[in-house]
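Here is the file work.tsv (TSV, C-alpha atoms and all ligand atoms).
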```
chain	number	residue	atom	x	y	z
A	1	MET	CA	12.79	25.70	-45.55
A	2	ASN	CA	15.64	23.85	-43.90
A	3	ALA	CA	17.23	25.14	-40.72
A	4	GLN	CA	20.45	26.28	-42.41
A	5	ILE	CA	18.66	28.43	-44.97
A	6	GLU	CA	16.47	29.88	-42.27
A	7	ILE	CA	19.51	31.07	-40.29
A	8	GLU	CA	21.10	32.56	-43.39
A	9	THR	CA	17.94	34.43	-44.27
A	10	GLU	CA	17.94	35.87	-40.76
A	11	LEU	CA	21.57	36.95	-41.15
A	12	GLU	CA	20.79	38.59	-44.48
A	13	LEU	CA	17.95	40.54	-42.95
A	14	GLU	CA	20.51	41.64	-40.37
A	15	ASN	CA	18.75	42.90	-37.33
A	16	ARG	CA	15.01	42.91	-37.61
A	17	TYR	CA	14.85	45.63	-35.01
A	18	LEU	CA	17.07	47.90	-32.99
A	19	LEU	CA	16.86	47.20	-29.28
A	20	LEU	CA	16.24	50.40	-27.32
A	21	THR	CA	16.26	48.42	-24.10
A	22	PRO	CA	18.69	48.31	-21.20
A	23	GLY	CA	20.17	44.94	-22.09
A	24	PRO	CA	20.34	42.69	-23.89
A	25	LEU	CA	20.99	45.49	-26.30
A	26	SER	CA	21.86	45.91	-29.96
A	27	THR	CA	25.37	44.69	-30.64
A	28	SER	CA	27.69	45.38	-33.56
A	29	GLN	CA	28.11	43.06	-36.48
A	30	GLY	CA	31.70	42.46	-35.31
A	31	VAL	CA	30.51	41.24	-31.92
A	32	ARG	CA	27.94	38.91	-33.46
A	33	ARG	CA	30.42	37.55	-35.98
A	34	ALA	CA	32.95	36.78	-33.26
A	35	MET	CA	30.62	34.00	-32.10
A	36	LEU	CA	30.90	31.95	-35.28
A	37	ARG	CA	33.67	29.77	-33.94
A	38	ASP	CA	33.82	27.07	-31.28
A	39	TRP	CA	36.32	27.15	-28.44
A	40	CYS	CA	37.61	24.57	-26.02
A	41	THR	CA	36.75	25.73	-22.53
A	42	TRP	CA	40.05	24.57	-20.92
A	43	ASP	CA	42.47	25.10	-23.81
A	44	ASN	CA	45.15	27.65	-22.94
A	45	GLU	CA	44.46	29.80	-26.02
A	46	TYR	CA	40.93	30.33	-24.68
A	47	ASN	CA	42.13	30.80	-21.12
A	48	SER	CA	44.57	33.54	-22.20
A	49	LEU	CA	41.64	35.32	-23.82
A	50	VAL	CA	39.90	35.19	-20.43
A	51	GLN	CA	42.99	36.57	-18.70
A	52	ASP	CA	43.21	39.39	-21.23
A	53	ILE	CA	39.54	40.23	-20.61
A	54	ARG	CA	40.07	40.25	-16.83
A	55	GLN	CA	43.01	42.64	-17.13
A	56	ARG	CA	41.17	44.93	-19.52
A	57	LEU	CA	38.18	45.10	-17.18
A	58	VAL	CA	40.33	46.16	-14.24
A	59	ALA	CA	42.07	48.76	-16.41
A	60	LEU	CA	38.69	50.17	-17.47
A	61	ALA	CA	37.66	50.49	-13.83
A	62	THR	CA	40.68	52.17	-12.26
A	63	LYS	CA	44.19	53.53	-12.63
A	64	GLN	CA	45.18	51.63	-9.48
A	65	THR	CA	45.04	48.25	-11.17
A	66	GLU	CA	47.19	46.33	-8.68
A	67	ILE	CA	44.62	46.57	-5.85
A	68	TYR	CA	41.75	45.06	-7.89
A	69	SER	CA	40.98	41.81	-9.66
A	70	ALA	CA	38.18	40.70	-12.00
A	71	VAL	CA	36.07	37.56	-11.67
A	72	LEU	CA	33.78	36.39	-14.48
A	73	MET	CA	30.66	34.45	-13.47
A	74	GLN	CA	28.25	32.40	-15.59
A	75	GLY	CA	24.62	33.53	-15.77
A	76	SER	CA	22.87	36.86	-16.14
A	77	GLY	CA	23.89	39.89	-14.09
A	78	SER	CA	21.71	38.92	-11.12
A	79	PHE	CA	23.77	35.73	-10.66
A	80	SER	CA	26.85	37.89	-10.09
A	81	VAL	CA	25.01	40.12	-7.60
A	82	GLU	CA	23.88	37.01	-5.76
A	83	ALA	CA	27.42	35.58	-5.85
A	84	VAL	CA	28.72	38.71	-4.10
A	85	LEU	CA	25.96	38.85	-1.48
A	86	GLY	CA	26.23	35.12	-0.83
A	87	SER	CA	30.04	35.07	-0.63
A	88	ALA	CA	31.09	38.33	1.02
A	89	LEU	CA	29.19	38.23	4.29
A	90	ALA	CA	30.17	35.96	7.15
A	91	LYS	CA	27.42	34.15	9.09
A	92	ASN	CA	27.26	36.98	11.60
A	93	GLY	CA	27.43	39.69	8.93
A	94	LYS	CA	24.69	42.26	8.42
A	95	ILE	CA	23.95	44.27	5.33
A	96	LEU	CA	22.35	47.67	4.75
A	97	ILE	CA	20.68	47.74	1.33
A	98	ILE	CA	19.58	51.02	-0.20
A	99	ASN	CA	16.52	50.44	-2.34
A	100	ASN	CA	14.96	52.93	-4.75
A	101	GLY	CA	13.93	50.63	-7.55
A	102	ALA	CA	13.46	47.10	-8.83
A	103	TYR	CA	17.17	46.21	-8.69
A	104	GLY	CA	17.64	47.47	-5.14
A	105	ALA	CA	14.53	45.45	-4.23
A	106	ARG	CA	16.04	42.38	-5.92
A	107	MET	CA	19.15	42.65	-3.72
A	108	VAL	CA	16.93	42.75	-0.63
A	109	GLN	CA	15.08	39.68	-1.89
A	110	MET	CA	18.38	37.85	-2.47
A	111	ALA	CA	19.84	38.76	0.92
A	112	ARG	CA	16.68	37.58	2.71
A	113	CYS	CA	16.56	34.35	0.70
A	114	LEU	CA	20.19	33.72	1.69
A	115	ASN	CA	19.23	34.29	5.35
A	116	ILE	CA	21.46	37.31	5.62
A	117	ASP	CA	20.59	39.78	8.35
A	118	THR	CA	19.31	42.71	6.29
A	119	VAL	CA	18.40	46.33	6.95
A	120	GLU	CA	16.55	47.99	4.11
A	121	LEU	CA	16.34	51.72	3.47
A	122	SER	CA	13.65	52.16	0.86
A	123	TYR	CA	12.60	55.14	-1.22
A	124	ALA	CA	10.23	55.90	-4.05
A	125	GLU	CA	11.61	54.91	-7.44
A	126	THR	CA	11.83	58.54	-8.53
A	127	GLN	CA	13.70	59.64	-5.41
A	128	GLN	CA	17.40	59.60	-4.57
A	129	PRO	CA	18.35	58.07	-1.23
A	130	ASP	CA	18.72	60.49	1.68
A	131	LEU	CA	22.28	60.78	2.97
A	132	ASN	CA	21.14	61.63	6.51
A	133	ASP	CA	19.12	58.41	6.70
A	134	ILE	CA	22.15	56.44	5.55
A	135	GLU	CA	24.43	58.12	8.08
A	136	GLN	CA	21.87	57.37	10.78
A	137	ALA	CA	21.49	53.71	9.72
A	138	LEU	CA	25.27	53.30	9.76
A	139	THR	CA	25.43	54.04	13.48
A	140	ASP	CA	24.37	50.38	13.94
A	141	PRO	CA	27.75	48.78	14.75
A	142	SER	CA	26.57	45.30	13.72
A	143	ILE	CA	26.26	46.36	10.05
A	144	THR	CA	29.27	45.02	8.14
A	145	HIS	CA	28.33	45.70	4.48
A	146	VAL	CA	26.41	48.29	2.47
A	147	ALA	CA	24.97	47.74	-1.02
A	148	CYS	CA	23.45	50.18	-3.49
A	149	VAL	CA	22.59	50.32	-7.19
A	150	HIS	CA	24.44	52.96	-9.20
A	151	CYS	CA	22.10	53.54	-12.15
A	152	GLU	CA	18.62	52.32	-11.15
A	153	THR	CA	17.51	50.98	-14.52
A	154	THR	CA	13.92	51.08	-13.24
A	155	THR	CA	13.86	54.81	-13.99
A	156	GLY	CA	17.32	55.76	-15.24
A	157	LEU	CA	18.12	57.59	-11.99
A	158	LEU	CA	21.78	57.77	-10.94
A	159	ASN	CA	22.38	57.31	-7.23
A	160	PRO	CA	25.10	59.43	-5.58
A	161	ILE	CA	27.60	56.60	-4.99
A	162	ALA	CA	30.50	58.96	-4.24
A	163	GLU	CA	28.61	60.65	-1.38
A	164	ILE	CA	27.15	57.38	-0.08
A	165	GLY	CA	30.57	55.72	-0.36
A	166	THR	CA	32.17	58.42	1.79
A	167	LEU	CA	29.67	57.67	4.59
A	168	VAL	CA	30.19	53.92	4.17
A	169	LYS	CA	33.96	54.30	4.47
A	170	VAL	CA	33.85	56.70	7.43
A	171	ALA	CA	31.80	53.98	9.15
A	172	ASN	CA	34.35	51.40	8.00
A	173	LYS	CA	31.96	49.04	6.16
A	174	VAL	CA	32.45	46.93	3.05
A	175	TRP	CA	31.02	48.75	0.01
A	176	ILE	CA	29.13	46.86	-2.73
A	177	VAL	CA	27.87	48.66	-5.86
A	178	ASP	CA	25.58	47.20	-8.53
A	179	ALA	CA	26.86	49.19	-11.50
A	180	MET	CA	25.28	46.75	-13.95
A	181	SER	CA	23.82	49.30	-16.34
A	182	SER	CA	26.36	52.11	-15.79
A	183	PHE	CA	29.79	50.48	-15.86
A	184	ALA	CA	31.57	51.48	-19.11
A	185	GLY	CA	28.77	53.93	-19.89
A	186	VAL	CA	29.51	56.37	-17.07
A	187	GLN	CA	33.09	57.28	-16.16
A	188	MET	CA	34.27	56.29	-12.70
A	189	ASP	CA	37.41	55.15	-10.90
A	190	ILE	CA	36.53	52.41	-8.42
A	191	ALA	CA	39.71	52.97	-6.37
A	192	GLU	CA	38.90	56.66	-5.97
A	193	LEU	CA	35.35	55.65	-5.02
A	194	ASP	CA	36.85	53.07	-2.67
A	195	ILE	CA	34.41	50.40	-3.89
A	196	ASP	CA	35.08	46.91	-2.54
A	197	PHE	CA	32.86	44.98	-4.96
A	198	LEU	CA	31.44	46.32	-8.22
A	199	ILE	CA	29.11	44.18	-10.33
A	200	SER	CA	28.26	44.46	-14.02
A	201	SER	CA	27.50	42.14	-16.94
A	202	ALA	CA	28.44	41.33	-20.52
A	203	ASN	CA	25.29	42.65	-22.16
A	204	LYS	CA	25.17	46.20	-20.85
A	205	CYS	CA	27.48	49.14	-21.67
A	206	ILE	CA	30.38	47.01	-22.89
A	207	GLN	CA	27.92	45.90	-25.56
A	208	GLY	CA	28.49	42.18	-25.55
A	209	VAL	CA	25.83	39.48	-25.69
A	210	PRO	CA	24.17	37.97	-22.59
A	211	GLY	CA	25.69	34.97	-20.81
A	212	PHE	CA	27.91	36.11	-17.96
A	213	GLY	CA	28.44	38.80	-15.38
A	214	PHE	CA	31.62	40.10	-13.78
A	215	ILE	CA	32.79	41.34	-10.44
A	216	LEU	CA	35.58	43.86	-9.94
A	217	ALA	CA	36.79	43.60	-6.38
A	218	LYS	CA	39.69	44.45	-4.14
A	219	ARG	CA	42.03	41.45	-3.96
A	220	LYS	CA	42.05	41.70	-0.20
A	221	GLN	CA	38.21	41.49	-0.14
A	222	LEU	CA	38.20	38.49	-2.47
A	223	GLU	CA	40.66	36.72	-0.20
A	224	ALA	CA	38.38	37.43	2.75
A	225	CYS	CA	35.53	35.55	1.02
A	226	GLN	CA	37.25	32.19	1.35
A	227	GLY	CA	34.94	29.63	2.94
A	228	LEU	CA	31.96	31.99	3.30
A	229	ALA	CA	29.85	31.10	0.25
A	230	ARG	CA	26.26	29.97	0.69
A	231	SER	CA	26.28	28.29	-2.75
A	232	VAL	CA	28.72	26.13	-4.69
A	233	SER	CA	27.98	27.42	-8.19
A	234	LEU	CA	27.99	31.03	-7.02
A	235	ASP	CA	31.06	30.81	-4.80
A	236	LEU	CA	32.88	34.01	-5.69
A	237	TYR	CA	36.11	33.07	-3.91
A	238	ASP	CA	36.33	29.67	-5.58
A	239	GLN	CA	35.63	31.12	-9.01
A	240	TRP	CA	38.30	33.79	-8.49
A	241	HIS	CA	40.79	31.32	-7.07
A	242	SER	CA	40.37	29.05	-10.10
A	243	MET	CA	40.83	31.95	-12.53
A	244	GLU	CA	43.90	33.16	-10.63
A	245	THR	CA	45.69	29.87	-10.06
A	246	HIS	CA	44.82	28.25	-13.41
A	247	GLN	CA	45.29	31.44	-15.47
A	248	GLY	CA	41.81	32.13	-16.75
A	249	LYS	CA	40.13	28.81	-16.09
A	250	TRP	CA	36.45	28.85	-15.17
A	251	ARG	CA	35.35	26.16	-12.71
A	252	PHE	CA	32.42	24.86	-14.77
A	253	THR	CA	31.41	25.12	-18.43
A	254	SER	CA	31.94	28.68	-19.56
A	255	PRO	CA	29.89	30.51	-22.20
A	256	THR	CA	32.76	30.37	-24.72
A	257	HIS	CA	31.06	32.13	-27.66
A	258	VAL	CA	29.81	34.87	-25.37
A	259	VAL	CA	33.28	35.35	-23.94
A	260	ARG	CA	34.83	35.60	-27.40
A	261	ALA	CA	32.18	38.13	-28.43
A	262	PHE	CA	32.84	40.10	-25.24
A	263	TYR	CA	36.52	40.32	-26.11
A	264	GLN	CA	35.54	41.81	-29.48
A	265	ALA	CA	33.22	44.24	-27.69
A	266	LEU	CA	36.14	45.38	-25.49
A	267	LEU	CA	38.27	46.02	-28.58
A	268	GLU	CA	35.44	48.02	-30.13
A	269	LEU	CA	35.04	50.05	-26.94
A	270	GLU	CA	38.73	50.91	-27.16
A	271	GLN	CA	38.38	51.85	-30.85
A	272	GLU	CA	35.47	54.12	-30.05
A	273	GLY	CA	37.79	56.07	-27.72
A	274	GLY	CA	37.09	54.32	-24.42
A	275	ILE	CA	34.48	55.00	-21.78
A	276	LYS	CA	34.68	58.79	-22.15
A	277	ALA	CA	33.68	58.66	-25.82
A	278	ARG	CA	31.01	56.06	-25.16
A	279	GLN	CA	29.49	58.13	-22.38
A	280	GLN	CA	29.37	61.12	-24.73
A	281	ARG	CA	27.59	59.09	-27.40
A	282	TYR	CA	25.02	57.80	-24.89
A	283	GLN	CA	24.59	61.30	-23.50
A	284	SER	CA	23.87	62.84	-26.90
A	285	ASN	CA	21.46	59.99	-27.64
A	286	GLN	CA	19.67	60.65	-24.34
A	287	GLN	CA	19.52	64.42	-24.80
A	288	CYS	CA	18.23	64.15	-28.36
A	289	LEU	CA	15.65	61.55	-27.28
A	290	ALA	CA	14.41	63.51	-24.25
A	291	ALA	CA	14.13	66.78	-26.20
A	292	GLY	CA	12.43	65.13	-29.18
A	293	MET	CA	9.93	63.15	-27.11
A	294	GLN	CA	9.00	66.26	-25.14
A	295	GLN	CA	8.30	68.06	-28.40
A	296	LEU	CA	5.97	65.20	-29.24
A	297	GLY	CA	4.12	65.78	-25.97
A	298	PHE	CA	5.64	63.10	-23.72
A	299	LYS	CA	6.68	64.14	-20.20
A	300	LEU	CA	9.83	62.92	-18.47
A	301	VAL	CA	9.23	60.99	-15.25
A	302	LEU	CA	12.46	62.33	-13.76
A	303	GLY	CA	11.78	65.83	-15.13
A	304	HIS	CA	15.04	67.68	-15.45
A	305	HIS	CA	16.61	65.85	-12.55
A	306	ALA	CA	20.38	66.33	-12.58
A	307	ALA	CA	20.65	62.63	-11.76
A	308	GLN	CA	19.08	61.49	-15.04
A	309	SER	CA	21.57	58.97	-16.42
A	310	PRO	CA	22.61	58.75	-20.07
A	311	ILE	CA	21.51	55.09	-20.02
A	312	ILE	CA	17.70	54.99	-20.15
A	313	THR	CA	14.84	57.50	-19.99
A	314	THR	CA	11.34	57.01	-18.56
A	315	PHE	CA	8.34	58.77	-20.12
A	316	LEU	CA	4.82	59.18	-18.77
A	317	TYR	CA	1.91	58.03	-20.88
A	318	PRO	CA	0.40	61.14	-22.48
A	319	ASP	CA	-2.72	62.60	-20.92
A	320	ASP	CA	-4.94	61.05	-23.57
A	321	PRO	CA	-7.49	58.31	-22.87
A	322	ASN	CA	-6.95	56.91	-26.36
A	323	PHE	CA	-3.21	56.36	-25.88
A	324	SER	CA	-2.23	52.70	-25.93
A	325	PHE	CA	1.33	51.69	-25.09
A	326	GLN	CA	0.79	48.36	-26.81
A	327	ALA	CA	-0.20	50.14	-30.03
A	328	LEU	CA	2.86	52.39	-29.83
A	329	TYR	CA	5.06	49.37	-29.11
A	330	ASP	CA	3.68	47.35	-32.04
A	331	ASN	CA	3.88	50.30	-34.37
A	332	LEU	CA	7.52	51.04	-33.48
A	333	LYS	CA	8.41	47.38	-33.80
A	334	GLN	CA	7.06	47.45	-37.34
A	335	SER	CA	9.37	50.41	-37.97
A	336	GLY	CA	12.34	48.51	-36.56
A	337	PHE	CA	12.56	49.60	-32.91
A	338	VAL	CA	11.86	47.80	-29.68
A	339	ILE	CA	11.15	49.93	-26.61
A	340	TYR	CA	10.55	48.89	-23.01
A	341	PRO	CA	7.53	48.91	-20.71
A	342	GLY	CA	7.70	50.93	-17.49
A	343	LYS	CA	8.58	49.53	-14.08
A	344	VAL	CA	7.64	52.37	-11.73
A	345	SER	CA	4.96	51.01	-9.36
A	346	ASP	CA	2.38	53.78	-9.34
A	347	LEU	CA	2.92	55.48	-12.70
A	348	ASN	CA	1.82	54.66	-16.23
A	349	CYS	CA	5.09	54.98	-18.04
A	350	PHE	CA	7.43	53.38	-20.55
A	351	ARG	CA	11.17	53.42	-21.10
A	352	ILE	CA	13.53	53.97	-23.99
A	353	GLY	CA	17.15	52.97	-23.67
A	354	ASN	CA	20.05	54.55	-25.52
A	355	ILE	CA	22.82	52.11	-24.80
A	356	GLY	CA	24.21	49.61	-27.29
A	357	GLU	CA	25.04	50.06	-30.94
A	358	VAL	CA	22.74	53.08	-31.16
A	359	TYR	CA	23.64	56.42	-32.71
A	360	LEU	CA	22.05	59.86	-33.07
A	361	GLU	CA	20.66	59.02	-36.50
A	362	ASP	CA	18.86	56.03	-34.95
A	363	ILE	CA	17.29	58.27	-32.30
A	364	GLU	CA	16.22	60.70	-35.02
A	365	ARG	CA	14.65	57.86	-37.01
A	366	LEU	CA	12.87	56.69	-33.85
A	367	LEU	CA	11.49	60.18	-33.20
A	368	ASN	CA	10.15	60.30	-36.75
A	369	ALA	CA	8.46	56.95	-36.20
A	370	VAL	CA	6.89	58.16	-32.93
A	371	ALA	CA	5.75	61.37	-34.65
A	372	ALA	CA	4.16	59.35	-37.45
A	373	PHE	CA	2.32	57.22	-34.88
A	374	ARG	CA	1.18	60.17	-32.84
A	375	PRO	CA	1.14	63.46	-34.72
A	376	VAL	CA	1.31	66.49	-32.37
A	401	LIG	C1	20.35	44.56	-15.84
A	401	LIG	C2	20.51	44.84	-14.42
A	401	LIG	C3	20.72	43.82	-13.47
A	401	LIG	C4	20.80	42.36	-13.84
A	401	LIG	O1	19.72	41.90	-14.51
A	401	LIG	P1	19.80	40.46	-15.23
A	401	LIG	O2	18.46	40.37	-15.87
A	401	LIG	O3	20.02	39.44	-14.19
A	401	LIG	O4	20.93	40.52	-16.20
A	401	LIG	C5	20.96	44.16	-12.16
A	401	LIG	N1	20.97	45.44	-11.78
A	401	LIG	C6	20.75	46.47	-12.63
A	401	LIG	C7	20.82	47.87	-12.13
A	401	LIG	C8	20.51	46.20	-13.99
A	401	LIG	O5	20.31	47.21	-14.84
```

Can you turn what I pasted into structure tokens?
Amino acid sequence: MNAQIEIETELELENRYLLLTPGPLSTSQGVRRAMLRDWCTWDNEYNSLVQDIRQRLVALATKQTEIYSAVLMQGSGSFSVEAVLGSALAKNGKILIINNGAYGARMVQMARCLNIDTVELSYAETQQPDLNDIEQALTDPSITHVACVHCETTTGLLNPIAEIGTLVKVANKVWIVDAMSSFAGVQMDIAELDIDFLISSANKCIQGVPGFGFILAKRKQLEACQGLARSVSLDLYDQWHSMETHQGKWRFTSPTHVVRAFYQALLELEQEGGIKARQQRYQSNQQCLAAGMQQLGFKLVLGHHAAQSPIITTFLYPDDPNFSFQALYDNLKQSGFVIYPGKVSDLNCFRIGNIGEVYLEDIERLLNAVAAFRPV
């Protein structure tokens, strides 16, 4: 079979499976089709597309659009987190990182690798951070920045960023939020939350394909990053400055097809009714999934925690020595679904995501497939 025919056969089969994972996730046909054209990375038609995307992102994040600006950055979401950490702190800066999962831990790893003076407040993955501990840690006057993950994708737990943010601002620190898996899936106004830097990426709740991340930051904070970067490729100020002064121009090769697909994803988000409607869809997916899986005998790791996000749900392995996650995984894949292994250190668990082009009927089909694999 020649390569061309092979690709067309794949397209005909459409998606072999639905991704029930927290990104990359299942995208719409419209988003995938938007990639079938090549673009010149410095042509002004392409650059205006970038400018349009930047404006739309700010408008999704806040009503106070004039205070904020958007920067797009090549790479996966972690590259954008690292760009912020490596560009926002001066040499004598010090960061407090709140860690209750794999992504909080990754920020600590990045900060240490960048030789940034770091204080870590760490908690179990199933536990929300303690506000008293944070208030106490913030009495250290040498701390300049605070970072926290919004939705810890490790478990699906939502951290109380409004309450933490209030403490951060009373102490007059710069506030960094990794909202990778929650932005556009959970309503928020970053000006009301007084967030200085928010990070997310193309392949999460906006439902684009992987290839770049983005940072929504206060203009005044971006200006303050000038000359501070610890990396050339991940220099947030330089990237922003290029996009501002050359109207949408990236410094180095940009992922053009991914950007075009992302634009389509933004239009589809708008058509769906914006973030409010998307959050409702994810929420009904999550509720249907959690209820159905419990009926099939699976327990929720977060129980009925009010902070369970609509993004992803973690389930314990059933109390059955014959249960094999690999067998469940393979069986569901045969039925057209891909689920996710667990990431909680001391628990045998697995995860099912409900973000992406996933609807209630998909969740119902999944539950039928699980029931067929493991009759109650
Ligand atoms: C997905 C995700 C990231 C980034 O992961 P990449 O694999 O680098 O895209 C960071 N933080 C959170 C909370 C995430 O869910």

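Taking only C-alpha atoms and all ligand atoms into account, ligand LIG 401 (chain A) lies nearest to A:Ile199 out of the set A:Ile143, A:Val84, A:Leu114, A:Ile199.
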
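Across the model, the gap from CA of Ile311 in chain A to CA of Leu19 in chain A is 13.0 Å.
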
Check every protein, DNA and RNA residue against ligand LIG 401 (chain A), keep those with an atom at most 9 Å away (counting only C-alpha atoms and all ligand atoms), and present them as a PyMOL selection string. chain A and resi 22-24+75-81+101-104+106-107+149-154+178-182+199-204+210-213

Could you list as a PyMOL selection string every residue that has an atom within 9 Å of (13.9, 58.0, -5.2), using the file's coordinates and counting all atoms listed in the file? chain A and resi 99-101+122-130+157+159

How many Å lie between CA of Ala111 in chain A and CA of Gly86 in chain A, rounded to one decimal? 7.6 Å

Where atoms are lacking, range 228-242 of chain A completed to N, CA, C and O atoms, as a short mmCIF file (atom, residue, chain, number, x, y, z; two decimals), in the frame of the given file:
```cif
data_model
loop_
_atom_site.label_atom_id
_atom_site.label_comp_id
_atom_site.auth_asym_id
_atom_site.auth_seq_id
_atom_site.Cartn_x
_atom_site.Cartn_y
_atom_site.Cartn_z
N LEU A 228 33.20 31.37 2.83
CA LEU A 228 31.96 31.99 3.30
C LEU A 228 30.74 31.71 2.43
O LEU A 228 29.62 31.97 2.83
N ALA A 229 30.95 31.18 1.22
CA ALA A 229 29.85 31.10 0.25
C ALA A 229 28.68 30.25 0.73
O ALA A 229 28.87 29.23 1.39
N ARG A 230 27.48 30.69 0.37
CA ARG A 230 26.26 29.97 0.69
C ARG A 230 25.80 29.13 -0.50
O ARG A 230 24.68 28.61 -0.51
N SER A 231 26.63 29.05 -1.54
CA SER A 231 26.28 28.29 -2.75
C SER A 231 27.57 27.81 -3.39
O SER A 231 28.60 28.49 -3.30
N VAL A 232 27.52 26.64 -4.02
CA VAL A 232 28.72 26.13 -4.69
C VAL A 232 28.92 26.82 -6.04
O VAL A 232 29.99 27.35 -6.34
N SER A 233 27.85 26.84 -6.85
CA SER A 233 27.98 27.42 -8.19
C SER A 233 28.31 28.90 -8.13
O SER A 233 29.00 29.43 -9.00
N LEU A 234 27.79 29.59 -7.11
CA LEU A 234 27.99 31.03 -7.02
C LEU A 234 29.03 31.40 -5.97
O LEU A 234 28.96 32.46 -5.37
N ASP A 235 30.00 30.52 -5.76
CA ASP A 235 31.06 30.81 -4.80
C ASP A 235 32.08 31.74 -5.45
O ASP A 235 32.89 31.32 -6.29
N LEU A 236 32.03 33.00 -5.07
CA LEU A 236 32.88 34.01 -5.69
C LEU A 236 34.38 33.73 -5.45
O LEU A 236 35.20 33.85 -6.35
N TYR A 237 34.70 33.34 -4.21
CA TYR A 237 36.11 33.07 -3.91
C TYR A 237 36.64 31.93 -4.76
O TYR A 237 37.71 32.03 -5.37
N ASP A 238 35.89 30.84 -4.82
CA ASP A 238 36.33 29.67 -5.58
C ASP A 238 36.51 29.99 -7.06
O ASP A 238 37.47 29.53 -7.70
N GLN A 239 35.57 30.75 -7.60
CA GLN A 239 35.63 31.12 -9.01
C GLN A 239 36.89 31.97 -9.25
O GLN A 239 37.62 31.77 -10.21
N TRP A 240 37.13 32.91 -8.36
CA TRP A 240 38.30 33.79 -8.49
C TRP A 240 39.59 32.97 -8.35
O TRP A 240 40.52 33.10 -9.14
N HIS A 241 39.60 32.12 -7.35
CA HIS A 241 40.79 31.32 -7.07
C HIS A 241 41.14 30.45 -8.28
O HIS A 241 42.31 30.33 -8.65
N SER A 242 40.13 29.87 -8.92
CA SER A 242 40.37 29.05 -10.10
C SER A 242 40.93 29.90 -11.23
O SER A 242 41.91 29.52 -11.89
#
```
